[in-house]
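Engineer: One file is attached below, run38.csv, containing CSV, C-alpha atoms.
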```csv
chain,number,residue,atom,x,y,z
H,1,MET,CA,0.0,0.0,0.0
H,2,LYS,CA,2.8,2.4,0.9
H,3,ILE,CA,4.5,1.7,-2.5
H,4,MET,CA,1.2,2.3,-4.3
H,5,LYS,CA,0.7,5.6,-2.4
H,6,LEU,CA,4.2,6.7,-3.2
H,7,ALA,CA,3.7,5.9,-6.9
H,8,ALA,CA,0.5,7.8,-6.9
H,9,ILE,CA,2.1,10.9,-5.4
H,10,THR,CA,5.0,10.7,-7.9
H,11,MET,CA,2.6,10.4,-10.9
H,12,ALA,CA,0.6,13.4,-9.5
H,13,ALA,CA,3.8,15.4,-9.4
H,14,ILE,CA,4.8,14.5,-12.9
H,15,LEU,CA,1.4,14.8,-14.7
H,16,PRO,CA,1.0,18.5,-14.2
H,17,VAL,CA,4.4,19.2,-15.7
H,18,THR,CA,3.9,16.9,-18.6
H,19,SER,CA,0.3,18.1,-19.4
H,20,ALA,CA,1.5,21.7,-19.1
H,21,PHE,CA,3.6,21.2,-22.2
H,22,ALA,CA,1.3,18.8,-24.1
H,23,GLY,CA,0.4,21.4,-26.7
H,24,PHE,CA,3.9,22.9,-27.0
H,25,PRO,CA,4.6,25.0,-28.9
H,26,GLU,CA,1.5,27.2,-28.6
H,27,LYS,CA,3.3,30.4,-29.7
H,28,PRO,CA,6.4,31.5,-31.7
H,29,VAL,CA,9.8,30.3,-30.3
H,30,ASN,CA,12.6,32.8,-29.9
H,31,TYR,CA,15.8,31.4,-31.5
H,32,VAL,CA,18.9,33.4,-30.6
H,33,ILE,CA,22.0,33.1,-32.7
H,34,PRO,CA,25.0,34.4,-30.7
H,35,PHE,CA,26.7,35.7,-33.9
H,36,GLY,CA,25.8,38.2,-36.5
H,37,PRO,CA,23.6,37.5,-39.5
H,38,GLY,CA,24.9,35.7,-42.6
H,39,GLY,CA,27.2,33.2,-41.0
H,40,GLU,CA,26.7,29.4,-41.1
H,41,SER,CA,24.9,29.4,-37.7
H,42,ASP,CA,22.4,31.9,-39.3
H,43,ILE,CA,22.1,29.9,-42.5
H,44,THR,CA,21.3,26.6,-40.7
H,45,ALA,CA,18.8,28.4,-38.5
H,46,ARG,CA,17.1,29.8,-41.6
H,47,HIS,CA,16.9,26.2,-43.0
H,48,GLN,CA,15.3,25.0,-39.8
H,49,GLN,CA,12.9,27.9,-39.7
H,50,SER,CA,10.6,26.8,-42.5
H,51,PHE,CA,10.6,23.1,-41.4
H,52,PHE,CA,9.8,24.1,-37.9
H,53,LYS,CA,6.8,26.1,-39.1
H,54,GLY,CA,5.6,23.3,-41.4
H,55,LYS,CA,5.9,20.5,-38.8
H,56,PHE,CA,4.8,22.3,-35.6
H,57,GLY,CA,2.7,25.2,-36.8
H,58,GLN,CA,4.6,28.0,-35.1
H,59,ASP,CA,7.3,30.4,-36.2
H,60,LEU,CA,11.0,30.3,-35.2
H,61,VAL,CA,11.8,33.9,-34.6
H,62,ILE,CA,15.5,34.4,-35.3
H,63,SER,CA,17.4,37.2,-33.5
H,64,TYR,CA,21.1,37.9,-33.0
H,65,LYS,CA,23.3,38.5,-30.0
H,66,PRO,CA,26.8,38.8,-31.4
H,67,GLY,CA,30.0,39.5,-29.5
H,68,GLY,CA,33.0,37.7,-28.2
H,69,GLY,CA,32.8,34.9,-30.7
H,70,GLY,CA,29.5,33.8,-29.2
H,71,ALA,CA,30.5,34.4,-25.6
H,72,VAL,CA,28.1,37.4,-25.1
H,73,GLY,CA,25.1,35.3,-26.0
H,74,TRP,CA,26.1,32.2,-24.0
H,75,SER,CA,26.9,34.3,-20.9
H,76,GLN,CA,23.3,35.5,-21.0
H,77,LEU,CA,21.6,32.2,-21.8
H,78,ASN,CA,20.7,31.2,-18.3
H,79,ARG,CA,19.2,34.7,-17.6
H,80,MET,CA,16.5,33.9,-20.2
H,81,LYS,CA,13.1,32.5,-19.2
H,82,GLY,CA,13.2,28.7,-19.2
H,83,ASP,CA,9.7,28.1,-20.6
H,84,GLY,CA,10.7,26.4,-23.8
H,85,TYR,CA,10.1,29.5,-25.9
H,86,ASN,CA,13.8,30.6,-25.6
H,87,ILE,CA,16.5,28.6,-27.4
H,88,MET,CA,20.0,29.5,-28.4
H,89,GLY,CA,22.5,28.2,-31.0
H,90,ILE,CA,25.7,26.6,-29.6
H,91,ASN,CA,28.9,25.9,-31.4
H,92,LEU,CA,31.9,23.6,-30.8
H,93,PRO,CA,34.7,24.0,-30.1
H,94,HIS,CA,33.7,27.5,-29.0
H,95,ILE,CA,31.8,26.6,-25.8
H,96,ILE,CA,34.6,24.3,-24.7
H,97,VAL,CA,37.8,26.3,-25.6
H,98,LYS,CA,36.7,29.8,-24.9
H,99,PRO,CA,36.1,29.4,-21.1
H,100,LYS,CA,39.6,27.9,-20.8
H,101,GLN,CA,41.2,30.9,-22.5
H,102,LYS,CA,39.9,33.5,-20.1
H,103,ASN,CA,36.8,34.6,-18.2
H,104,VAL,CA,34.1,34.9,-20.8
H,105,GLY,CA,31.1,34.9,-18.5
H,106,PHE,CA,30.1,31.2,-18.8
H,107,LYS,CA,31.6,27.8,-18.3
H,108,THR,CA,31.0,24.7,-20.6
H,109,GLU,CA,28.9,23.1,-17.9
H,110,ASP,CA,26.6,26.1,-17.8
H,111,ILE,CA,25.3,25.2,-21.3
H,112,SER,CA,22.3,22.9,-21.3
H,113,GLY,CA,22.2,21.4,-24.8
H,114,VAL,CA,19.2,19.7,-26.1
H,115,TYR,CA,20.4,18.6,-29.6
H,116,MET,CA,23.6,18.7,-31.8
H,117,PHE,CA,22.2,18.7,-35.3
H,118,HIS,CA,25.1,19.1,-37.7
H,119,TYR,CA,28.7,20.0,-38.3
H,120,THR,CA,30.6,21.7,-41.1
H,121,PRO,CA,33.6,19.3,-41.6
H,122,ASP,CA,37.1,20.7,-41.7
H,123,ALA,CA,38.9,20.3,-45.0
H,124,ILE,CA,42.2,21.3,-46.6
H,125,VAL,CA,41.4,23.6,-49.5
H,126,VAL,CA,43.7,24.8,-52.3
H,127,ASN,CA,43.2,26.9,-55.4
H,128,LYS,CA,42.3,25.0,-58.6
H,129,ASP,CA,45.8,25.8,-60.0
H,130,SER,CA,47.7,24.7,-56.9
H,131,PRO,CA,50.7,22.4,-57.4
H,132,PHE,CA,49.2,20.3,-54.6
H,133,LYS,CA,47.1,17.7,-56.4
H,134,SER,CA,46.8,15.4,-53.4
H,135,LEU,CA,47.1,15.4,-49.6
H,136,GLN,CA,50.4,13.5,-50.0
H,137,ASP,CA,51.8,16.3,-52.2
H,138,LEU,CA,51.1,18.8,-49.5
H,139,ILE,CA,52.6,16.6,-46.8
H,140,ASP,CA,55.8,15.9,-48.8
H,141,HIS,CA,56.2,19.7,-49.4
H,142,ALA,CA,55.7,20.4,-45.7
H,143,LYS,CA,58.3,17.8,-44.7
H,144,LYS,CA,60.9,19.3,-47.0
H,145,ASN,CA,60.0,22.9,-46.0
H,146,PRO,CA,59.2,23.1,-42.3
H,147,LYS,CA,56.9,26.0,-41.3
H,148,LYS,CA,56.8,27.2,-44.9
H,149,THR,CA,53.5,25.7,-45.9
H,150,ILE,CA,51.2,28.4,-44.8
H,151,PHE,CA,47.5,27.9,-44.1
H,152,SER,CA,44.8,30.5,-43.6
H,153,GLY,CA,42.0,29.7,-41.2
H,154,SER,CA,39.1,31.1,-39.4
H,155,GLY,CA,40.3,32.4,-36.0
H,156,LYS,CA,42.5,31.2,-33.2
H,157,GLY,CA,41.3,28.3,-31.2
H,158,THR,CA,38.6,27.5,-33.7
H,159,ALA,CA,37.8,24.2,-35.4
H,160,ASN,CA,40.2,25.1,-38.3
H,161,HIS,CA,43.0,25.9,-35.9
H,162,LEU,CA,42.6,22.8,-33.8
H,163,ALA,CA,42.4,20.6,-36.9
H,164,GLN,CA,45.8,22.1,-38.1
H,165,VAL,CA,47.4,21.3,-34.7
H,166,ARG,CA,46.0,17.8,-34.7
H,167,PHE,CA,46.9,17.0,-38.3
H,168,ASP,CA,50.5,18.4,-38.0
H,169,LYS,CA,51.0,15.9,-35.2
H,170,MET,CA,49.4,13.0,-37.1
H,171,ALA,CA,51.4,13.6,-40.2
H,172,ASP,CA,54.6,14.6,-38.4
H,173,ILE,CA,54.9,17.9,-40.2
H,174,LYS,CA,55.3,21.6,-39.1
H,175,THR,CA,53.1,24.1,-40.9
H,176,THR,CA,52.1,27.7,-40.2
H,177,TYR,CA,48.6,28.7,-39.4
H,178,VAL,CA,47.5,32.3,-39.9
H,179,ALA,CA,44.3,33.2,-38.0
H,180,PHE,CA,41.8,35.4,-39.9
H,181,LYS,CA,38.7,37.0,-38.6
H,182,GLY,CA,36.1,34.7,-40.1
H,183,THR,CA,35.9,32.2,-42.9
H,184,GLY,CA,35.3,34.9,-45.5
H,185,LYS,CA,38.7,36.5,-44.9
H,186,ALA,CA,40.5,33.2,-44.8
H,187,VAL,CA,39.0,32.3,-48.2
H,188,ALA,CA,40.0,35.7,-49.6
H,189,ALA,CA,43.6,35.0,-48.5
H,190,LEU,CA,43.5,31.7,-50.3
H,191,LEU,CA,41.9,33.0,-53.5
H,192,GLY,CA,44.5,35.9,-53.5
H,193,SER,CA,47.3,33.3,-53.3
H,194,GLN,CA,48.5,34.9,-50.0
H,195,VAL,CA,48.8,31.4,-48.5
H,196,SER,CA,49.6,27.9,-49.6
H,197,ALA,CA,46.3,26.4,-48.6
H,198,GLU,CA,43.4,26.9,-46.2
H,199,TRP,CA,42.2,24.9,-43.3
H,200,GLY,CA,38.6,25.6,-44.2
H,201,TYR,CA,35.3,23.8,-44.3
H,202,THR,CA,33.4,21.7,-46.8
H,203,SER,CA,31.2,24.7,-47.1
H,204,VAL,CA,34.1,26.6,-48.8
H,205,GLY,CA,34.2,23.8,-51.4
H,206,ALA,CA,30.5,24.1,-52.0
H,207,LYS,CA,30.5,27.9,-52.3
H,208,HIS,CA,33.6,28.2,-54.4
H,209,SER,CA,33.6,25.0,-56.4
H,210,ASP,CA,34.7,26.8,-59.6
H,211,LYS,CA,37.8,28.3,-57.9
H,212,VAL,CA,39.0,25.7,-55.3
H,213,ARG,CA,39.3,22.0,-54.7
H,214,MET,CA,39.6,20.0,-51.5
H,215,LEU,CA,42.4,17.6,-50.8
H,216,ALA,CA,40.6,15.8,-47.9
H,217,VAL,CA,37.6,16.2,-45.6
H,218,ALA,CA,37.5,15.4,-41.9
H,219,MET,CA,34.5,13.0,-42.0
H,220,GLU,CA,33.8,9.3,-41.2
H,221,LYS,CA,32.6,8.8,-44.8
H,222,ARG,CA,32.8,10.9,-48.0
H,223,HIS,CA,30.5,13.9,-48.2
H,224,PRO,CA,27.5,13.2,-50.5
H,225,LYS,CA,28.2,16.4,-52.4
H,226,PHE,CA,31.9,15.6,-52.9
H,227,PRO,CA,32.0,11.9,-53.7
H,228,ASP,CA,35.5,12.3,-55.3
H,229,VAL,CA,37.1,13.9,-52.3
H,230,PRO,CA,38.7,11.4,-49.9
H,231,THR,CA,38.4,11.5,-46.1
H,232,PHE,CA,41.5,11.9,-43.9
H,233,LYS,CA,40.6,8.5,-42.5
H,234,GLU,CA,40.8,6.9,-45.9
H,235,LEU,CA,44.3,8.3,-46.3
H,236,GLY,CA,45.5,7.0,-42.9
H,237,TYR,CA,44.8,9.9,-40.6
H,238,ASN,CA,42.1,9.6,-37.9
H,239,LEU,CA,40.8,13.1,-38.2
H,240,VAL,CA,37.0,13.7,-37.9
H,241,SER,CA,36.4,17.3,-37.0
H,242,GLY,CA,34.7,20.5,-37.8
H,243,ALA,CA,32.4,23.3,-36.5
H,244,TYR,CA,29.6,21.5,-34.6
H,245,ARG,CA,26.3,23.2,-34.1
H,246,GLY,CA,23.4,22.6,-31.8
H,247,ILE,CA,20.7,24.1,-29.7
H,248,ALA,CA,20.6,24.9,-25.9
H,249,VAL,CA,18.0,26.1,-23.5
H,250,PRO,CA,18.3,28.0,-20.1
H,251,LYS,CA,19.0,25.7,-17.2
H,252,SER,CA,15.7,26.5,-15.7
H,253,THR,CA,13.9,24.8,-18.5
H,254,PRO,CA,11.9,21.7,-17.3
H,255,GLU,CA,13.2,18.3,-18.3
H,256,ALA,CA,9.9,17.5,-20.1
H,257,ILE,CA,10.2,20.5,-22.4
H,258,ARG,CA,13.9,19.8,-23.1
H,259,THR,CA,13.0,16.3,-24.2
H,260,LYS,CA,10.1,17.7,-26.4
H,261,LEU,CA,12.5,20.2,-28.1
H,262,SER,CA,15.1,17.5,-28.6
H,263,THR,CA,12.5,15.3,-30.3
H,264,MET,CA,11.3,18.2,-32.5
H,265,ILE,CA,14.8,19.0,-33.7
H,266,GLN,CA,15.4,15.3,-34.4
H,267,GLU,CA,12.2,15.2,-36.5
H,268,ILE,CA,13.5,18.2,-38.6
H,269,ASN,CA,16.9,16.5,-39.0
H,270,ALA,CA,15.2,13.3,-40.3
H,271,ASP,CA,13.4,15.1,-43.1
H,272,PRO,CA,15.1,14.2,-46.5
H,273,GLU,CA,14.4,17.7,-47.9
H,274,PHE,CA,16.1,19.3,-44.9
H,275,GLN,CA,19.1,17.0,-45.2
H,276,LYS,CA,19.3,17.8,-48.9
H,277,LYS,CA,19.4,21.6,-48.2
H,278,MET,CA,22.1,21.1,-45.5
H,279,GLU,CA,24.3,18.8,-47.6
H,280,ASN,CA,24.0,21.1,-50.6
H,281,ASP,CA,25.6,23.8,-48.5
H,282,GLY,CA,28.5,21.5,-47.6
H,283,MET,CA,27.3,20.6,-44.2
H,284,ALA,CA,27.1,17.1,-42.6
H,285,MET,CA,24.3,15.8,-40.5
H,286,LEU,CA,24.7,14.9,-36.9
H,287,ASN,CA,22.2,13.4,-34.4
H,288,VAL,CA,23.1,13.9,-30.7
H,289,ASP,CA,19.9,14.2,-28.6
H,290,ALA,CA,19.3,15.5,-25.1
H,291,SER,CA,20.1,12.2,-23.5
H,292,GLU,CA,23.5,11.9,-25.3
H,293,TYR,CA,24.6,15.5,-25.1
H,294,ASP,CA,26.6,15.3,-21.9
H,295,ALA,CA,28.6,12.3,-23.0
H,296,PHE,CA,29.3,13.9,-26.4
H,297,ILE,CA,30.6,17.1,-24.8
H,298,LYS,CA,32.8,15.1,-22.4
H,299,LYS,CA,34.3,13.2,-25.4
H,300,MET,CA,34.9,16.4,-27.4
H,301,THR,CA,36.3,18.3,-24.5
H,302,GLY,CA,39.1,15.8,-24.2
H,303,ILE,CA,39.9,16.0,-27.9
H,304,TYR,CA,39.7,19.8,-28.1
H,305,LEU,CA,41.6,20.7,-24.9
H,306,ASP,CA,44.5,18.3,-25.8
H,307,ALA,CA,44.8,20.0,-29.2
H,308,ALA,CA,44.5,23.5,-27.7
H,309,ARG,CA,47.3,22.8,-25.2
H,310,GLU,CA,49.5,21.3,-28.0
H,311,GLY,CA,49.0,24.4,-30.1
H,312,GLY,CA,49.6,26.8,-27.2
H,313,ILE,CA,46.1,28.1,-27.3
H,314,ILE,CA,45.5,27.4,-23.6
H,315,LYS,CA,47.9,26.5,-20.8
```
Rewrite the structure of this file - the entire thing - as structure tokens.
Structural biologist:
Amino acid sequence: MKIMKLAAITMAAILPVTSAFAGFPEKPVNYVIPFGPGGESDITARHQQSFFKGKFGQDLVISYKPGGGGAVGWSQLNRMKGDGYNIMGINLPHIIVKPKQKNVGFKTEDISGVYMFHYTPDAIVVNKDSPFKSLQDLIDHAKKNPKKTIFSGSGKGTANHLAQVRFDKMADIKTTYVAFKGTGKAVAALLGSQVSAEWGYTSVGAKHSDKVRMLAVAMEKRHPKFPDVPTFKELGYNLVSGAYRGIAVPKSTPEAIRTKLSTMIQEINADPEFQKKMENDGMAMLNVDASEYDAFIKKMTGIYLDAAREGGIIK
């Protein structure tokens, strides 16, 4: 009898929370991008926007809170109302590396992720007329000319930078990485032949297919849009990396609504038309739901922080 009473009390406590969100969403959802408009976080959010409306009948209202490479937005995430109607984009390695560099107003564990939905794979990109026709060509050159193979890349401590550090160690080479403010400027340096190559993303290959080619992509399998470009793994280097993106909520958000949001993003990710849009832009699908988020972050934290120390990005 005591067990039955306890079960009844527990169910009574759970049901009001669950029923309170049964019709969620009942109004537009505020989707904050912690960067300015036009970047890949914005592009992916715009892709999600129409599918969210079509599947769940409510708008995703996209707004921007740029600053500090995302830190301004993430430092304010937990001040937002945790009612399910406030969500924010998150990026790796940013939310892992930035708090280790200096005080940025948040820690990695402050971020309550509900879904990691895709990543833009790292790739070594060269101009179409580059003498490097293969990854091995570039490695051979780098071994003969230490530090003289110069890469452009998007920022310090970013996915591009950490990929360069990790690959140099794997290939036993020493190259030079030049951090630019954003992918656009890193691409401009490549197209202007200011650098030997770029540690860029598959999105660069998609956007500038007439001007560049990729020597290898950091994926488990070849990208559907680039079936002729080998993966690093195929070529003997265990490098799977890129800029990972997902969605987080304020810590005060109830577990029931976190699970509901996770399921909704998963449903969008499973849509073939959505996948086609994402892959056409050079992105790769990823499915890490709310129940898997903590384990995923723990795994990636070890990888990123080891690389960041190796590259002198953090102590």
Engineer: Counting all atoms listed in the file, figure out which residue out of H:Phe180, H:Tyr293, H:Tyr64, H:Trp74 gets nearest to Asn30 in chain H.
Structural biologist: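 Answer, going by the shortest atom-to-atom distance: H:Tyr64.
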Engineer: So that I can check the surroundings of range 301-305 of chain H, please list as JSON, numbers by chain every protein, DNA and RNA residue that reaches within 7 Å of it, counting all atoms listed in the file and ignoring chain neighbours fewer than 6 positions away.
Structural biologist: {"H": [93, 96, 97]}
Engineer: One number please: CA of Pro99 in chain H to CA of Ile314 in chain H, in Å, one decimal.
Structural biologist: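 If I compute the distance from CA of Pro99 in chain H to CA of Ile314 in chain H, I get 9.9 Å.
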Engineer: Skipping near chain neighbours, those fewer than 4 positions away, what residues fall within 12 Å of Asn103 in chain H using only C-alpha atoms, listed as JSON, numbers by chain?
Structural biologist: {"H": [68, 71, 72, 75, 97, 98, 99, 107, 108]}
Engineer: Would you mind listing what lies within 8 Å of range 115-129 of chain H as a PyMOL selection string, with all atoms listed in the file counted and same-chain residues fewer than 4 positions away left out?
Structural biologist: chain H and resi 159-160+163+190-191+193+196-205+210-219+240-248+262+265-266+269+282-290+293
Engineer: Show me, as a short mmCIF file (atom, residue, chain, number, x, y, z; two decimals) with C-alpha atoms, in the coordinates of the input, the residues that have an atom within 7 Å of range 306-308 of chain H when counting all atoms listed in the file, minus same-chain residues fewer than 4 positions from it.
Structural biologist:
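Here's the written file selection-v6.cif:
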```
data_model
loop_
_atom_site.label_atom_id
_atom_site.label_comp_id
_atom_site.auth_asym_id
_atom_site.auth_seq_id
_atom_site.Cartn_x
_atom_site.Cartn_y
_atom_site.Cartn_z
CA GLY H 157 41.30 28.30 -31.20
CA LEU H 162 42.60 22.80 -33.80
CA VAL H 165 47.40 21.30 -34.70
CA ARG H 166 46.00 17.80 -34.70
CA GLY H 302 39.10 15.80 -24.20
CA GLY H 312 49.60 26.80 -27.20
CA ILE H 313 46.10 28.10 -27.30
CA ILE H 314 45.50 27.40 -23.60
#
```
Engineer: Measuring between only C-alpha atoms, which one of H:Lys276, H:Lys148, H:His161, H:Lys260 shows the shortest distance to Thr175 in chain H?
Structural biologist: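 Among the listed residues, the smallest separation from Thr175 in chain H belongs to H:Lys148.
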Engineer: Under the rule that only C-alpha atoms are counted, which of H:Val187, H:Val104, H:Val61, H:Ile111 is the nearest residue to Lys27 in chain H?
Structural biologist: H:Val61
Engineer: Could you state the separation of CA of Leu60 in chain H and CA of Ala45 in chain H in Å, given to one decimal place?
Structural biologist: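 Those two atoms sit 8.7 Å apart.
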Engineer: Which value, in Å to one decimal, gives the distance between CA of Thr44 in chain H and CA of Lys102 in chain H?
Structural biologist: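 CA of Lys102 in chain H lies 28.6 Å from CA of Thr44 in chain H.
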Engineer: With distances taken over only C-alpha atoms, which residue among H:Met300, H:Ala295, H:Met278, H:Val114 lies nearest Arg46 in chain H?
Structural biologist: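 Using only C-alpha atoms, Arg46 in chain H sits closest to H:Met278.
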Engineer: Mind listing whatever residues come within 6 Å of the point (20.0, 28.2, -23.5)? Use only C-alpha atoms, file coordinates, and give them as an NGL selection string.
Structural biologist: :H and (77 or 87-88 or 248-250)
Engineer: Using all atoms listed in the file, find all polymer residues with an atom at most 9 Å away from the point (6.1, 15.8, -26.4); report them as JSON, numbers by chain.
Structural biologist: {"H": [18, 21, 22, 23, 24, 256, 257, 259, 260, 261, 263, 264]}
Engineer: With a distance cut-off of 12 Å and only C-alpha atoms, select the neighbouring residues of Pro146 in chain H, excluding the residue or stretch itself and same-chain residues fewer than 5 positions from it, and output the selection as a list in words.
Structural biologist: Leu138, Ile139, Asp140, His141, Asp168, Asp172, Ile173, Lys174, Thr175 and Thr176 of chain H
Engineer: From the options H:Ser291, H:Thr253, H:Ser134, H:Gln164, which residue's atoms come nearest to Thr231 in chain H, counting all atoms listed in the file?
Structural biologist: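 Of all the options, H:Ser134 lies closest to Thr231 in chain H.
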Engineer: Pick the closest to Phe167 in chain H from H:His208, H:Lys55, H:Lys185, H:Lys233: which is it, counting all atoms listed in the file?
Structural biologist: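 With all atoms listed in the file as the atom set, the closest residue is H:Lys233.
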